[in-house]
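Below is one structure; the comments refer to it alone.
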Amino acid sequence: MKTMASREASRLFRRISTANAIPIPACRFERGAVPRQCWRRGFHESRSLKVVKPYLLADIGEGITECQVIQWFVKPGARVEQFDPICEVQSDKASVEITSRFDGVIKKLYYEPDDMAKVGKPLVDIDIQSEISAADEVLLNDQATQTQPKEDGLEVGRNDTKAVTEGEPASIPSQDLPPEPAPEQQKSQRHVGKHASLATPAVRHLVKEHNLKIEDIEGTGKEGRVTKDDVQRHANASKQPQPSPTTTPTQASPPLPTPQLSDQIRPLTPIQSSMYKQMTRSLSIPHFLYTDTLSFNSLTTLRQTHNLGKPKSERLSPLPFLLKALSLSLHQYPLLNAHLDTTTNPSKPHLVLKAEHNFGIAVDSPSGLLVPVIRNVQSHSILSLAAEIQRLGALAREGKLSSADFTGATFTLSNIGSIGGGAVAPVIVTPQVGIVGIGRARVVPAFGEHGELVKREECVLSWSADHRVIDGAYVARCAEGVRGLVEGVEGMLVQLR
């Protein structure tokens with residue numbers, strides 16, 4: 001009886017185990033094939049490395065430690081690629097475009113337009129999304145080390161590159177709709193182009209003179225750019241008195257309070273700072289001044305014959321003729337085309353006579369006085385000199401001159417006559433030893449060879465020379481040589497190479 005009960009219990013246990021067992025699907029294998037073990041592999045995603053690094057303002061040469069931000073070509077959130085322009089900066093005399101070294105997204109701008117940016121300090125924060133070379137990685141690590149103390153004090157919520165503490169809930173924007181603008185506000189709204197805030201340095205200088213904001217000016221240029229006419233129109237409109245509310249004749253208007261005037265403190269622009277340093281050094285030079293009057297009668301006759309029927313861009317002015325006459329005269333008086341070296345051996349200064357005639361031409365630009373250099377005047381013709389003067393003048397007015405355009409001058413000419421005035425006292429630019437100022441040509445009455453009254457077109461040339469190494473007689477002889485070439489312009493043309 002006990003054995004039969006044990007058998008029944010065993011059968012019942014096997015029945016229950018079979019019912020609860022997990023079914024195993026049957027697998028059919030071909031003959032000769034070896035079953036292969038299949039491994040299940042989960043999806044794996046490597047986390048992208050987001051490198052947000054400050055992009056420093058690199059050294060742009062000539063010992064410059066700071067420069068002025070003229071305009072931005074990007075804004076936070078803009079995507080840039082390698083060699084895309086980021087901004088335009090202006091040093092003492094030249095403007096330079098700063099380009100990106102990486103592909104990525106701009107996160108932060110450290111300066112506003114017209115601010116002074118420091119060389120070696122962060123310019124923008126960029127989220128680098130491209131491969132980084134070993135040299136760039138070393139450079140970025142050095143930059144991060146330099147800017148680490150400043151990141152410790154950054155505040156959350158100021159568009160800083162320092163990561164915000166994880167776990168903080170993101171702020172939910174309010175669902176309240178903004179109030180509808182008033183009719184006056186709807187009328188004043190205008191469509192602004194994507195380049196409305198961009199303008200040339202000349203336009204920005206004009207905006208700064210009128211104490212205006214470029215964002216408030218409606219641009220009519222390409223893609224909404226602001227032009228000089230837009231600035232003048234906006235300035236004239238802001239100066240017009242606003243109509244006062246009408247009052248009844250019985251009400252006497254109270255006297256208007258006298259406005260309180262206050263002085264303004266204006267820092268020096270980069271060009272003014274450079275001029276301040278250069279003219280301070282020029283104070284140590286004892287200037288010898290000499291003026292001479294030239295007759296432009298024969299030169300004007302030649303110019304009128306050449307300019308007849310030609311467009312304005314191809315007409316010749318007196319300036320290229322004066323440049324060529326000066327170059328021919330300096331072949332006979334080379335001491336004026338020299339540099340005075342007082343730094344190599346201060347106890348024994350010496351003159352370096354320059355073989356090339358590289359003449360600096362003082363140009364009055366919207367941003368200030370600029371002196372670009374025309375090189376190898378001795379090898380130029382009159383027509384090529386005129387073309388070079390036009391090219392450099394256009395670049396100066398647009399603020400596009402490079403640093404190379406200002407270096408290497410051996411003599412300087414100041415064409416002050418294009419504005420006005422006769423005799424001037426030009427200041428020598430070290431290490432040069434001479435400079436000449438060209439006054440405005442005027443028609444004056446004069447006596448002819450037989451005592452008759454004639455018209456004479458004359459111009460005053462004002463010479464300055466370093467009296468430490470150049471005496472007055474030497475300058476006078478050189479000036480007489482220039483006068484003879486200009487008044488006998490046919491003889492000058494014979495000497496051209």
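Simple scheme: letters A, B, ... for chains in structure tokens order, numbers from 1 for residues in each chain, numbers from 1 for ligands in the order shown.
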**Q.** 7 Å contact set for region 216-220 of chain A, only C-alpha atoms, chain neighbours under 6 positions out, as a PyMOL selection string
**A.** chain A and resi 196+226-227+230-231+234
Please provide the set of residues having any atom within 8 Å of region 297-307 of chain A, restricted to only C-alpha atoms, with same-chain residues fewer than 5 positions apart removed, written as a PDB file with N, CA, C and O atoms, in the first residue's frame.
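Resulting contents of selection.pdb:
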```
ATOM      1  N   GLU A 314      40.024 108.881 -65.037  1.00  0.00           N
ATOM      2  CA  GLU A 314      41.265 108.832 -65.807  1.00  0.00           C
ATOM      3  C   GLU A 314      41.949 110.191 -65.914  1.00  0.00           C
ATOM      4  O   GLU A 314      42.985 110.300 -66.571  1.00  0.00           O
ATOM      5  N   ARG A 315      41.405 111.206 -65.278  1.00  0.00           N
ATOM      6  CA  ARG A 315      42.027 112.528 -65.356  1.00  0.00           C
ATOM      7  C   ARG A 315      43.196 112.617 -64.377  1.00  0.00           C
ATOM      8  O   ARG A 315      43.168 112.011 -63.307  1.00  0.00           O
ATOM      9  N   LEU A 316      44.187 113.375 -64.759  1.00  0.00           N
ATOM     10  CA  LEU A 316      45.403 113.514 -63.952  1.00  0.00           C
ATOM     11  C   LEU A 316      45.318 114.765 -63.092  1.00  0.00           C
ATOM     12  O   LEU A 316      44.889 115.829 -63.541  1.00  0.00           O
ATOM     13  N   SER A 317      45.741 114.638 -61.833  1.00  0.00           N
ATOM     14  CA  SER A 317      45.858 115.768 -60.913  1.00  0.00           C
ATOM     15  C   SER A 317      47.322 116.187 -60.836  1.00  0.00           C
ATOM     16  O   SER A 317      48.210 115.483 -61.336  1.00  0.00           O
ATOM     17  N   PRO A 318      47.645 117.305 -60.206  1.00  0.00           N
ATOM     18  CA  PRO A 318      49.062 117.695 -60.093  1.00  0.00           C
ATOM     19  C   PRO A 318      49.894 116.767 -59.229  1.00  0.00           C
ATOM     20  O   PRO A 318      51.128 116.757 -59.355  1.00  0.00           O
ATOM     21  N   ARG A 456      48.568 133.980 -63.034  1.00  0.00           N
ATOM     22  CA  ARG A 456      49.577 132.985 -62.648  1.00  0.00           C
ATOM     23  C   ARG A 456      48.943 132.022 -61.645  1.00  0.00           C
ATOM     24  O   ARG A 456      48.418 132.443 -60.604  1.00  0.00           O
ATOM     25  N   GLU A 457      48.956 130.741 -61.978  1.00  0.00           N
ATOM     26  CA  GLU A 457      48.479 129.706 -61.056  1.00  0.00           C
ATOM     27  C   GLU A 457      49.685 129.189 -60.278  1.00  0.00           C
ATOM     28  O   GLU A 457      50.603 128.596 -60.855  1.00  0.00           O
ATOM     29  N   GLU A 458      49.666 129.412 -58.977  1.00  0.00           N
ATOM     30  CA  GLU A 458      50.835 129.074 -58.172  1.00  0.00           C
ATOM     31  C   GLU A 458      50.430 128.219 -56.980  1.00  0.00           C
ATOM     32  O   GLU A 458      49.265 128.187 -56.553  1.00  0.00           O
ATOM     33  N   VAL A 486      58.823 121.174 -62.303  1.00  0.00           N
ATOM     34  CA  VAL A 486      57.380 121.393 -62.410  1.00  0.00           C
ATOM     35  C   VAL A 486      57.076 122.543 -63.370  1.00  0.00           C
ATOM     36  O   VAL A 486      56.163 122.450 -64.208  1.00  0.00           O
ATOM     37  N   GLU A 487      57.820 123.641 -63.268  1.00  0.00           N
ATOM     38  CA  GLU A 487      57.549 124.779 -64.145  1.00  0.00           C
ATOM     39  C   GLU A 487      57.991 124.491 -65.579  1.00  0.00           C
ATOM     40  O   GLU A 487      57.403 125.032 -66.525  1.00  0.00           O
ATOM     41  N   GLY A 488      58.992 123.671 -65.775  1.00  0.00           N
ATOM     42  CA  GLY A 488      59.380 123.221 -67.109  1.00  0.00           C
ATOM     43  C   GLY A 488      59.038 121.758 -67.269  1.00  0.00           C
ATOM     44  O   GLY A 488      59.918 120.898 -67.356  1.00  0.00           O
ATOM     45  N   VAL A 489      57.728 121.459 -67.249  1.00  0.00           N
ATOM     46  CA  VAL A 489      57.275 120.068 -67.203  1.00  0.00           C
ATOM     47  C   VAL A 489      57.728 119.303 -68.431  1.00  0.00           C
ATOM     48  O   VAL A 489      57.921 118.070 -68.365  1.00  0.00           O
TER      49      VAL A 489
END
```
(Q) Could you list, as JSON, numbers by chain, every residue within 12 Å of Ile86 (chain A), counting only C-alpha atoms and ignoring same-chain residues fewer than 6 positions away? (A) {"A": [55, 56, 57, 69, 70, 71, 72, 73, 74, 75, 76, 78, 79, 80, 96, 97, 98, 99, 100, 101, 102, 103, 104, 105, 106, 108, 109, 123, 124, 125, 126]}
Put those residues in a file: N, CA, C and O atoms, as a tab-separated table (two decimals), in the first residue's frame.
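Below is the file that was written, result-v8.tsv:
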```
chain	number	residue	atom	x	y	z
A	55	TYR	N	37.99	81.27	-27.66
A	55	TYR	CA	38.86	81.55	-28.81
A	55	TYR	C	39.54	82.89	-28.55
A	55	TYR	O	38.89	83.92	-28.48
A	56	LEU	N	40.87	82.86	-28.39
A	56	LEU	CA	41.62	84.05	-28.01
A	56	LEU	C	41.96	84.90	-29.23
A	56	LEU	O	42.09	84.40	-30.34
A	57	LEU	N	42.08	86.21	-28.99
A	57	LEU	CA	42.52	87.14	-30.04
A	57	LEU	C	44.02	86.97	-30.20
A	57	LEU	O	44.80	87.27	-29.30
A	69	VAL	N	37.17	96.57	-31.85
A	69	VAL	CA	36.23	95.72	-32.59
A	69	VAL	C	35.35	96.62	-33.44
A	69	VAL	O	34.59	97.44	-32.92
A	70	ILE	N	35.44	96.49	-34.77
A	70	ILE	CA	34.67	97.31	-35.69
A	70	ILE	C	33.27	96.74	-35.88
A	70	ILE	O	32.26	97.42	-35.72
A	71	GLN	N	33.18	95.44	-36.21
A	71	GLN	CA	31.88	94.82	-36.44
A	71	GLN	C	32.00	93.32	-36.27
A	71	GLN	O	33.08	92.74	-36.44
A	72	TRP	N	30.88	92.70	-35.90
A	72	TRP	CA	30.79	91.25	-35.78
A	72	TRP	C	30.11	90.68	-37.01
A	72	TRP	O	29.11	91.23	-37.49
A	73	PHE	N	30.62	89.56	-37.52
A	73	PHE	CA	29.98	88.85	-38.60
A	73	PHE	C	29.14	87.68	-38.09
A	73	PHE	O	28.46	87.03	-38.90
A	74	VAL	N	29.21	87.38	-36.80
A	74	VAL	CA	28.46	86.28	-36.21
A	74	VAL	C	27.75	86.77	-34.96
A	74	VAL	O	27.99	87.88	-34.48
A	75	LYS	N	26.87	85.93	-34.43
A	75	LYS	CA	26.21	86.19	-33.17
A	75	LYS	C	26.04	84.86	-32.44
A	75	LYS	O	26.20	83.79	-33.04
A	76	PRO	N	25.74	84.87	-31.13
A	76	PRO	CA	25.59	83.61	-30.41
A	76	PRO	C	24.56	82.71	-31.08
A	76	PRO	O	23.46	83.13	-31.44
A	78	ALA	N	25.25	81.13	-33.97
A	78	ALA	CA	25.60	81.02	-35.39
A	78	ALA	C	26.60	79.88	-35.58
A	78	ALA	O	27.52	79.68	-34.80
A	79	ARG	N	26.42	79.14	-36.66
A	79	ARG	CA	27.33	78.05	-37.00
A	79	ARG	C	28.41	78.58	-37.95
A	79	ARG	O	28.09	79.27	-38.92
A	80	VAL	N	29.65	78.25	-37.66
A	80	VAL	CA	30.77	78.70	-38.48
A	80	VAL	C	31.59	77.50	-38.91
A	80	VAL	O	31.57	76.45	-38.27
A	96	VAL	N	41.71	94.37	-39.75
A	96	VAL	CA	42.02	92.97	-40.00
A	96	VAL	C	40.76	92.16	-39.72
A	96	VAL	O	40.03	92.43	-38.76
A	97	GLU	N	40.48	91.16	-40.57
A	97	GLU	CA	39.38	90.23	-40.33
A	97	GLU	C	39.91	89.02	-39.56
A	97	GLU	O	40.90	88.40	-39.95
A	98	ILE	N	39.24	88.66	-38.46
A	98	ILE	CA	39.60	87.50	-37.65
A	98	ILE	C	38.75	86.34	-38.12
A	98	ILE	O	37.51	86.44	-38.16
A	99	THR	N	39.38	85.22	-38.49
A	99	THR	CA	38.67	84.05	-38.99
A	99	THR	C	38.72	82.93	-37.97
A	99	THR	O	39.54	82.91	-37.05
A	100	SER	N	37.83	81.94	-38.16
A	100	SER	CA	37.72	80.82	-37.23
A	100	SER	C	38.71	79.72	-37.62
A	100	SER	O	38.94	79.46	-38.80
A	101	ARG	N	39.27	79.08	-36.61
A	101	ARG	CA	40.19	77.95	-36.83
A	101	ARG	C	39.44	76.62	-36.85
A	101	ARG	O	40.01	75.60	-37.22
A	102	PHE	N	38.18	76.58	-36.41
A	102	PHE	CA	37.46	75.33	-36.23
A	102	PHE	C	36.06	75.44	-36.83
A	102	PHE	O	35.56	76.52	-37.11
A	103	ASP	N	35.43	74.28	-36.98
A	103	ASP	CA	34.00	74.19	-37.28
A	103	ASP	C	33.26	74.10	-35.95
A	103	ASP	O	33.66	73.35	-35.05
A	104	GLY	N	32.17	74.83	-35.83
A	104	GLY	CA	31.43	74.76	-34.58
A	104	GLY	C	30.34	75.81	-34.51
A	104	GLY	O	29.90	76.37	-35.52
A	105	VAL	N	29.88	76.05	-33.28
A	105	VAL	CA	28.78	76.98	-33.02
A	105	VAL	C	29.27	78.05	-32.05
A	105	VAL	O	29.88	77.73	-31.02
A	106	ILE	N	29.02	79.31	-32.37
A	106	ILE	CA	29.41	80.42	-31.50
A	106	ILE	C	28.48	80.43	-30.28
A	106	ILE	O	27.26	80.41	-30.41
A	108	LYS	N	29.28	82.61	-27.29
A	108	LYS	CA	29.33	83.87	-26.55
A	108	LYS	C	30.28	84.84	-27.24
A	108	LYS	O	31.32	84.44	-27.75
A	109	LEU	N	29.90	86.13	-27.26
A	109	LEU	CA	30.76	87.21	-27.71
A	109	LEU	C	31.22	87.99	-26.49
A	109	LEU	O	30.40	88.39	-25.66
A	123	LEU	N	38.03	86.09	-27.16
A	123	LEU	CA	37.26	86.90	-28.10
A	123	LEU	C	35.84	86.35	-28.22
A	123	LEU	O	34.87	87.11	-28.14
A	124	VAL	N	35.71	85.05	-28.41
A	124	VAL	CA	34.41	84.38	-28.45
A	124	VAL	C	34.56	83.03	-27.77
A	124	VAL	O	35.67	82.52	-27.58
A	125	ASP	N	33.42	82.43	-27.40
A	125	ASP	CA	33.37	81.03	-26.99
A	125	ASP	C	32.78	80.25	-28.16
A	125	ASP	O	31.74	80.63	-28.71
A	126	ILE	N	33.43	79.14	-28.53
A	126	ILE	CA	32.99	78.35	-29.67
A	126	ILE	C	32.86	76.89	-29.26
A	126	ILE	O	33.73	76.33	-28.58
```
Q: Would you work out the distance separating CA of Ala117 (chain A) from CA of Gly221 (chain A), expressed in Å to one decimal?
A: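 Interatomic distance, CA of Ala117 (chain A) to CA of Gly221 (chain A): 28.5 Å.
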Q.
DSSP on the backbone, strand (DSSP E) only: what residues of region 58-136 of chain A does that give? Format it as an MDAnalysis selection string.
A. chainID A and resid 66:72 79:80 85:90 95:99 104:109 116:118 122:128
Q. Using only C-alpha atoms, which of the listed residues (A:Leu256, A:Ile419, A:Leu351, A:Val207) sits closest to Arg233 (chain A)?
A. A:Val207
**Q.** Test item: residues at most 7 Å from Asn337 (chain A), only C-alpha atoms, excluding those fewer than 4 positions along its chain, as a VMD selection string
**A.** chain A and resid 330 353 to 354 410 to 411
**Q.** Å distance separating CA of Phe296 (chain A) from CA of Ala441 (chain A), one decimal place
**A.** 7.8 Å
Q: List the neighbours of Thr200 (chain A) out to 8 Å using only C-alpha atoms; skip same-chain residues closer than 4 positions along the sequence, and give me the result as a PyMOL selection string.
A: chain A and resi 204+398-399
Write the residues of the preceding selection, restricted to N, CA, C and O atoms, as an mmCIF file, in the first residue's frame.
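Everything below was put into selection_8.cif:
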```
data_model
loop_
_atom_site.group_PDB
_atom_site.id
_atom_site.type_symbol
_atom_site.label_atom_id
_atom_site.label_comp_id
_atom_site.auth_asym_id
_atom_site.auth_seq_id
_atom_site.Cartn_x
_atom_site.Cartn_y
_atom_site.Cartn_z
ATOM 1 N N ARG A 204 30.599 103.976 -39.390
ATOM 2 C CA ARG A 204 30.584 103.870 -37.923
ATOM 3 C C ARG A 204 31.211 105.097 -37.272
ATOM 4 O O ARG A 204 30.775 105.539 -36.211
ATOM 5 N N GLU A 398 37.726 103.431 -47.194
ATOM 6 C CA GLU A 398 36.930 102.271 -46.797
ATOM 7 C C GLU A 398 37.483 101.579 -45.560
ATOM 8 O O GLU A 398 36.865 100.638 -45.063
ATOM 9 N N GLY A 399 38.649 102.024 -45.067
ATOM 10 C CA GLY A 399 39.255 101.386 -43.894
ATOM 11 C C GLY A 399 39.796 99.997 -44.178
ATOM 12 O O GLY A 399 39.830 99.154 -43.286
#
```
Q: Extract the full set of helix (DSSP H, G or I) residues from region 184-395 of chain A according to DSSP on the backbone, and format it as an MDAnalysis selection string.
A: chainID A and resid 184:188 201:209 214:216 222:224 228:239 270:282 297:307 312:314 318:330 334:336 377:379 382:395
Q. Neighbours of region 373-378 of chain A within 10 Å (only C-alpha atoms; same-chain residues fewer than 2 positions away dropped), as a ChimeraX atom specification?
A. /A:320,323-328,330-331,355-362,370-371,380-382,384-385,388-389,392,404-412,496-497
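You can rank A:Ser313, A:Thr280, A:Ser91, A:Thr342 by their closest distance to Ala394 (chain A) using only C-alpha atoms, and at the top of that list sits A:Ser313.
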